[in-house]
Amino acid sequence: MTRTKDRAQNPRLPKQKQNGHERSILEIEDDHKPGFDRDVTARLFSYLRPHRYKLTIAIVSMLLSVVANVVSPPLIGWAIDEGIRERDMSIVVLGVIAFILIQIMGFIGFRVQVGNMAVVGQSIIRTLRDQLFDHIQYLSIDFFAEYEVGRLIARVISDVNVIREAVTFAAVGSIREVLMLGGILISMILINIQLTLVAFVVLIVLAILANFWRVHARSAYLKVSDANAKVNAELSEAFNGVRVTQAFSRQARNYDRFTNEINMASRQATVRATLISSLFYPTVELIGGVATGTLIFVGGSLVLEDKITVGVLLAFILYIQQFFFPIRLLAQRYNLLQAVIASAYRIFKLMDHPASIRDQVNADNLPGIQGHIRFDDVSFRYTRDGEWVLKHVDLDVPPGATVAFVGHTGAGKTTMVKLLMRFYDATDGAITVDDYDLKDVTQNSLRRQISVVPQDTHLFSGSVMDNIRYGRLNATDDEVVEAAKTVGAHPFITGLADGYLTDIMEGGAVLSTGQRQLLAFARALLADPRVLILDEATSNIDTQTERIIQKALERLLEGRTSFVIAHRLSTITSADMIVVMDHGEIIEQGSHQELLAREGVYHQLFTLV
């Protein structure tokens, strides 16, 4: 009974198009224009909903702080007019006590507001980073070929931190500043209209100045953000490729590029933003000084004419001084809002970016397989308009067989195993495992039964034992040791400082290339896959080490369907089937002896070795 389903294409969310051009996520991100974005803002607010309780406490506390700031100046004025001027010490004492209590109330309110919003901000950071990390892990391989690692780090670290800062200080803080301004204006109007008009003129001047600064600062801070992202990308690329850099003595050129281009651009952007800020804040202080002087002149005249008291004038002076603080913060927070919307836009675009390879809605879990692999008229190209990498490939691999792919670079060998792993979907044709179409089964159930030993082995930070156990987390310590012994890794592991518990650090920097490869073999053996892929797995191993693992390879390949990509033809002579590829097509296939007898392309390749 056949179990192959209809060969319906895996559903994909198409990329956006503009003028017939398929736009990448990078182009979409860079398209965002500064300004208010209703959809992004609404989505950001959705992250506040689970924290309604703390948000309510923060708002109530914020109101206490606002009341304390608005009530304090009139209270001081009352103590001066009714206490000092009337020589009533009891009024002075009462005013001082009331002022201190109000300040304590304001301090507690502000402290509770910031404390609660800090907790909310950190909680939202954790949620966003968890979601981003989870989503990025499941994105398809083609995404990582397009999106720089440095940009990903910038999204997860820098952009998320911008949102944290906004939630902690700006979300409720902006409401606080607006309420303070409103409370101050209302109090001024109630106390004296003439002095309020002086303050209102100052408010108009400040509003014009703040708007001018906002326009220029928004552009400046966005350039700072972009420049910092480029620094992250450059650092990630430089440090990941440090071995190649040193091998080609490129340190000086990389230093010049980083210093004179990348880091210099970041410095210039930051300096420009700082200069704009340094122009705004002293100007606000100057306007405040002028306003205070004008207020003293007008108010002093009114005091001399007995139209207002000294206490009222002092209250107005205190209000004017308070006036500039919320305006300055609101101007700052407007630009922070712009940065938040830009950062959130980039984050959400990344979170919404679909995996190009996705499970069908009704995909089945692939049961335990025998390993019968079939490529049925498979053609493939990486992009819609790109060149064909594979052309009408037909290949039938029986269970337990070892298949070796040979051919020149670019022949399509690695692409064959990428399609088998379903890192990509075939453009045309179908690939089946035990008559299950790969597109009809879940990716996890497929990949759990396949192990890959790549040419460049990646080891993770942690112990040797953790790295061998990576593909089978429930393996016992004894099983890990047995796998290492089988592939010949046990002797060098026991020679390490802490044996199997030795921390090998990221990438296995303390190990030789051959040792890292042996750990990769042990990892693959422990996972006990039904299908094994060796992608030039012995190319980095010296002849002596290769002899050590030759028997391990035989043990590794035994009873499994295996695909071997190798440039050393001497290592694949025992393969059940050798497939010779050229320009995406299979031009010869058969055993080593059969292909030699034909005296075709394989014979030429083998005799050249």
# chains A, B, ... in the order shown; residues from 1 in each chain; ligands from 1
>>> select_by_dssp(residues="region 144-290 of chain A", states="alpha helix (DSSP H)", output="VMD selection string")
chain A and resid 144 to 146 149 to 154 160 to 165 173 to 191 193 to 240 242 to 247 251 to 257 264 to 290
>>> closest_atom_pairs(of="region 283-358 of chain A", to="region 193-202 of chain A", cutoff="8 Å", atoms="only C-alpha atoms", output="Markdown table")
| residue | atom | partner | partner_atom | distance |
| --- | --- | --- | --- | --- |
| A:Ile287 | CA | A:Val202 | CA | 7.5 |
| A:Ala291 | CA | A:Val202 | CA | 6.5 |
| A:Thr294 | CA | A:Val198 | CA | 7.7 |
| A:Leu295 | CA | A:Val198 | CA | 6.8 |
| A:Val298 | CA | A:Leu195 | CA | 7.4 |
| A:Gly299 | CA | A:Leu195 | CA | 6.8 |
| A:Phe316 | CA | A:Leu195 | CA | 7.5 |
| A:Ile320 | CA | A:Ala199 | CA | 6.9 |
>>> residues_around(residues="region 353-369 of chain A", least_positions_apart="4", cutoff="8 Å", atoms="only C-alpha atoms", output="PyMOL selection string")
chain A and resi 10-13+25+138-140+142-143+349+422-425+433-434+436+439-443+445-446+449+530
>>> write_last_selection(atoms="N, CA, C and O atoms", output="mmCIF file, in the first residue's frame")
data_model
loop_
_atom_site.group_PDB
_atom_site.id
_atom_site.type_symbol
_atom_site.label_atom_id
_atom_site.label_comp_id
_atom_site.auth_asym_id
_atom_site.auth_seq_id
_atom_site.Cartn_x
_atom_site.Cartn_y
_atom_site.Cartn_z
ATOM 1 N N ASN A 10 4.222 23.011 -0.559
ATOM 2 C CA ASN A 10 4.105 23.484 0.812
ATOM 3 C C ASN A 10 3.645 24.940 0.803
ATOM 4 O O ASN A 10 4.217 25.767 0.109
ATOM 5 N N PRO A 11 2.581 25.290 1.564
ATOM 6 C CA PRO A 11 2.087 26.671 1.522
ATOM 7 C C PRO A 11 3.122 27.631 2.080
ATOM 8 O O PRO A 11 3.708 27.404 3.115
ATOM 9 N N ARG A 12 3.328 28.738 1.373
ATOM 10 C CA ARG A 12 4.279 29.750 1.822
ATOM 11 C C ARG A 12 3.612 31.115 1.780
ATOM 12 O O ARG A 12 2.782 31.377 0.930
ATOM 13 N N LEU A 13 3.993 31.963 2.693
ATOM 14 C CA LEU A 13 3.538 33.337 2.627
ATOM 15 C C LEU A 13 4.457 34.081 1.671
ATOM 16 O O LEU A 13 5.665 34.144 1.892
ATOM 17 N N ILE A 25 13.142 40.864 3.371
ATOM 18 C CA ILE A 25 12.815 41.441 4.680
ATOM 19 C C ILE A 25 13.694 42.653 4.974
ATOM 20 O O ILE A 25 13.270 43.612 5.625
ATOM 21 N N TYR A 138 13.358 28.625 14.269
ATOM 22 C CA TYR A 138 12.557 27.825 13.340
ATOM 23 C C TYR A 138 12.505 28.412 11.936
ATOM 24 O O TYR A 138 11.859 27.825 11.059
ATOM 25 N N LEU A 139 13.154 29.561 11.730
ATOM 26 C CA LEU A 139 13.182 30.105 10.375
ATOM 27 C C LEU A 139 14.014 29.212 9.469
ATOM 28 O O LEU A 139 14.950 28.541 9.912
ATOM 29 N N SER A 140 13.676 29.220 8.202
ATOM 30 C CA SER A 140 14.331 28.318 7.249
ATOM 31 C C SER A 140 15.756 28.773 6.959
ATOM 32 O O SER A 140 16.128 29.929 7.184
ATOM 33 N N ASP A 142 17.294 29.434 4.263
ATOM 34 C CA ASP A 142 17.495 30.514 3.297
ATOM 35 C C ASP A 142 17.436 31.896 3.957
ATOM 36 O O ASP A 142 18.041 32.845 3.475
ATOM 37 N N PHE A 143 16.715 32.003 5.068
ATOM 38 C CA PHE A 143 16.641 33.279 5.777
ATOM 39 C C PHE A 143 18.019 33.698 6.283
ATOM 40 O O PHE A 143 18.416 34.862 6.176
ATOM 41 N N LYS A 349 8.428 42.848 12.220
ATOM 42 C CA LYS A 349 8.645 42.337 10.865
ATOM 43 C C LYS A 349 9.447 41.038 10.907
ATOM 44 O O LYS A 349 9.188 40.106 10.141
ATOM 45 N N ARG A 422 15.224 18.493 4.049
ATOM 46 C CA ARG A 422 14.138 19.455 3.858
ATOM 47 C C ARG A 422 14.482 20.833 4.412
ATOM 48 O O ARG A 422 13.658 21.520 4.998
ATOM 49 N N PHE A 423 15.737 21.224 4.211
ATOM 50 C CA PHE A 423 16.100 22.607 4.438
ATOM 51 C C PHE A 423 15.517 23.465 3.322
ATOM 52 O O PHE A 423 15.299 24.666 3.495
ATOM 53 N N TYR A 424 15.287 22.861 2.185
ATOM 54 C CA TYR A 424 14.611 23.489 1.049
ATOM 55 C C TYR A 424 13.636 22.472 0.483
ATOM 56 O O TYR A 424 13.778 21.261 0.711
ATOM 57 N N ASP A 425 12.639 22.950 -0.242
ATOM 58 C CA ASP A 425 11.709 22.075 -0.949
ATOM 59 C C ASP A 425 12.083 22.010 -2.422
ATOM 60 O O ASP A 425 12.499 23.015 -3.015
ATOM 61 N N VAL A 433 10.561 9.197 1.506
ATOM 62 C CA VAL A 433 11.250 8.310 2.439
ATOM 63 C C VAL A 433 10.256 7.214 2.811
ATOM 64 O O VAL A 433 9.198 7.497 3.386
ATOM 65 N N ASP A 434 10.585 5.970 2.457
ATOM 66 C CA ASP A 434 9.653 4.850 2.669
ATOM 67 C C ASP A 434 8.271 5.177 2.105
ATOM 68 O O ASP A 434 7.234 4.929 2.746
ATOM 69 N N TYR A 436 6.813 7.956 1.904
ATOM 70 C CA TYR A 436 6.216 9.170 2.462
ATOM 71 C C TYR A 436 6.834 10.368 1.745
ATOM 72 O O TYR A 436 8.062 10.538 1.748
ATOM 73 N N LYS A 439 7.120 16.425 1.962
ATOM 74 C CA LYS A 439 6.268 17.593 2.185
ATOM 75 C C LYS A 439 5.020 17.254 2.990
ATOM 76 O O LYS A 439 4.317 18.158 3.442
ATOM 77 N N ASP A 440 4.762 15.964 3.189
ATOM 78 C CA ASP A 440 3.555 15.552 3.892
ATOM 79 C C ASP A 440 3.821 15.103 5.322
ATOM 80 O O ASP A 440 2.906 14.673 6.016
ATOM 81 N N VAL A 441 5.079 15.180 5.761
ATOM 82 C CA VAL A 441 5.403 14.792 7.133
ATOM 83 C C VAL A 441 6.016 15.989 7.852
ATOM 84 O O VAL A 441 6.504 16.927 7.217
ATOM 85 N N THR A 442 5.978 15.969 9.174
ATOM 86 C CA THR A 442 6.527 17.084 9.938
ATOM 87 C C THR A 442 8.050 17.076 9.857
ATOM 88 O O THR A 442 8.681 16.021 9.786
ATOM 89 N N GLN A 443 8.615 18.279 9.886
ATOM 90 C CA GLN A 443 10.067 18.393 9.795
ATOM 91 C C GLN A 443 10.768 17.750 10.987
ATOM 92 O O GLN A 443 11.811 17.106 10.840
ATOM 93 N N SER A 445 9.799 15.211 12.874
ATOM 94 C CA SER A 445 9.786 13.739 12.825
ATOM 95 C C SER A 445 10.739 13.218 11.748
ATOM 96 O O SER A 445 11.260 12.106 11.859
ATOM 97 N N LEU A 446 10.977 14.019 10.701
ATOM 98 C CA LEU A 446 11.938 13.629 9.663
ATOM 99 C C LEU A 446 13.366 13.771 10.173
ATOM 100 O O LEU A 446 14.176 12.836 10.080
ATOM 101 N N GLN A 449 15.260 11.438 12.616
ATOM 102 C CA GLN A 449 15.752 10.163 12.122
ATOM 103 C C GLN A 449 16.926 10.321 11.151
ATOM 104 O O GLN A 449 17.328 9.384 10.480
ATOM 105 N N ARG A 530 18.421 6.706 11.405
ATOM 106 C CA ARG A 530 18.139 5.735 10.351
ATOM 107 C C ARG A 530 18.813 6.157 9.052
ATOM 108 O O ARG A 530 19.103 5.330 8.196
#
>>> select_by_dssp(residues="region 195-390 of chain A", states="strand (DSSP E or B)", output="ChimeraX atom specification")
/A:364,373-380,390
>>> atom_distance(atom1="CA of Arg257 (chain A)", atom2="CA of Asp226 (chain A)")
17.1 Å
>>> atom_distance(atom1="CA of Leu459 (chain A)", atom2="CA of Leu420 (chain A)")
23.1 Å
>>> residues_around(residues="Arg469 (chain A)", least_positions_apart="5", cutoff="9 Å", atoms="only C-alpha atoms", output="PyMOL selection string")
chain A and resi 464+474-477+480+522-523+526-527
>>> write_last_selection(atoms="N, CA and C atoms", output="PDB file, in the first residue's frame")
ATOM      1  N   VAL A 464      32.427  18.310  26.972  1.00  0.00           N
ATOM      2  CA  VAL A 464      32.525  17.339  25.889  1.00  0.00           C
ATOM      3  C   VAL A 464      31.310  16.424  25.905  1.00  0.00           C
ATOM      4  N   ASN A 474      18.609  12.259  26.312  1.00  0.00           N
ATOM      5  CA  ASN A 474      18.324  11.291  27.371  1.00  0.00           C
ATOM      6  C   ASN A 474      19.363  10.172  27.450  1.00  0.00           C
ATOM      7  N   ALA A 475      20.431  10.301  26.685  1.00  0.00           N
ATOM      8  CA  ALA A 475      21.476   9.268  26.708  1.00  0.00           C
ATOM      9  C   ALA A 475      22.199   9.289  28.055  1.00  0.00           C
ATOM     10  N   THR A 476      22.557   8.119  28.554  1.00  0.00           N
ATOM     11  CA  THR A 476      23.282   8.024  29.813  1.00  0.00           C
ATOM     12  C   THR A 476      24.759   8.332  29.599  1.00  0.00           C
ATOM     13  N   ASP A 477      25.453   8.579  30.696  1.00  0.00           N
ATOM     14  CA  ASP A 477      26.893   8.844  30.604  1.00  0.00           C
ATOM     15  C   ASP A 477      27.629   7.656  29.991  1.00  0.00           C
ATOM     16  N   VAL A 480      27.276   7.673  26.267  1.00  0.00           N
ATOM     17  CA  VAL A 480      28.133   8.705  25.675  1.00  0.00           C
ATOM     18  C   VAL A 480      29.559   8.191  25.557  1.00  0.00           C
ATOM     19  N   ALA A 522      30.958  10.892  17.075  1.00  0.00           N
ATOM     20  CA  ALA A 522      30.379  10.323  18.298  1.00  0.00           C
ATOM     21  C   ALA A 522      28.960  10.833  18.510  1.00  0.00           C
ATOM     22  N   ARG A 523      28.747  12.131  18.232  1.00  0.00           N
ATOM     23  CA  ARG A 523      27.407  12.716  18.363  1.00  0.00           C
ATOM     24  C   ARG A 523      26.428  12.033  17.411  1.00  0.00           C
ATOM     25  N   LEU A 526      25.700   8.359  18.586  1.00  0.00           N
ATOM     26  CA  LEU A 526      24.837   8.307  19.764  1.00  0.00           C
ATOM     27  C   LEU A 526      23.377   8.587  19.414  1.00  0.00           C
ATOM     28  N   ALA A 527      23.158   9.453  18.426  1.00  0.00           N
ATOM     29  CA  ALA A 527      21.784   9.772  18.014  1.00  0.00           C
ATOM     30  C   ALA A 527      21.093   8.586  17.359  1.00  0.00           C
TER      31      ALA A 527
END
>>> residues_around(residues="Leu44 (chain A)", least_positions_apart="5", cutoff="10 Å", atoms="only C-alpha atoms", output="ChimeraX atom specification")
/A:38-39,49,124,163,167,340-341,344-345,348
>>> closest_residue(among="A:Arg328, A:His408, A:Arg384, A:Lys54", to="His583 (chain A)", atoms="only C-alpha atoms")
A:His408
>>> residues_around(residues="Ala497 (chain A)", least_positions_apart="5", cutoff="12 Å", atoms="only C-alpha atoms", output="PyMOL selection string")
chain A and resi 463-464+492+502-504+510
>>> write_last_selection(atoms="C-alpha atoms", output="PDB file, in the first residue's frame")
ATOM      1  CA  SER A 463      31.362  20.029  28.283  1.00  0.00           C
ATOM      2  CA  VAL A 464      32.525  17.339  25.889  1.00  0.00           C
ATOM      3  CA  PHE A 492      42.036  12.075  23.468  1.00  0.00           C
ATOM      4  CA  THR A 502      36.086  19.490  30.079  1.00  0.00           C
ATOM      5  CA  ASP A 503      34.543  22.779  28.983  1.00  0.00           C
ATOM      6  CA  ILE A 504      35.497  23.100  25.328  1.00  0.00           C
ATOM      7  CA  VAL A 510      40.655  24.226  22.475  1.00  0.00           C
TER       8      VAL A 510
END
>>> residues_around(residues="Ile572 (chain A)", least_positions_apart="5", cutoff="12 Å", atoms="only C-alpha atoms", output="list in words")
Thr402, Val403, Ala404, Phe405, Val406, Leu534, Glu536, Thr538, Gln550, Leu553, Glu554, Leu557, Ser562, Phe563, Val564, Ile565, Ala566, His567, Met577, Ile578, Val579, Ser591, His592, Gln593 and Phe606 of chain A
>>> closest_residue(among="A:Asp352, A:Glu261, A:Asp535, A:Glu479", to="Gln517 (chain A)", atoms="only C-alpha atoms")
A:Asp535
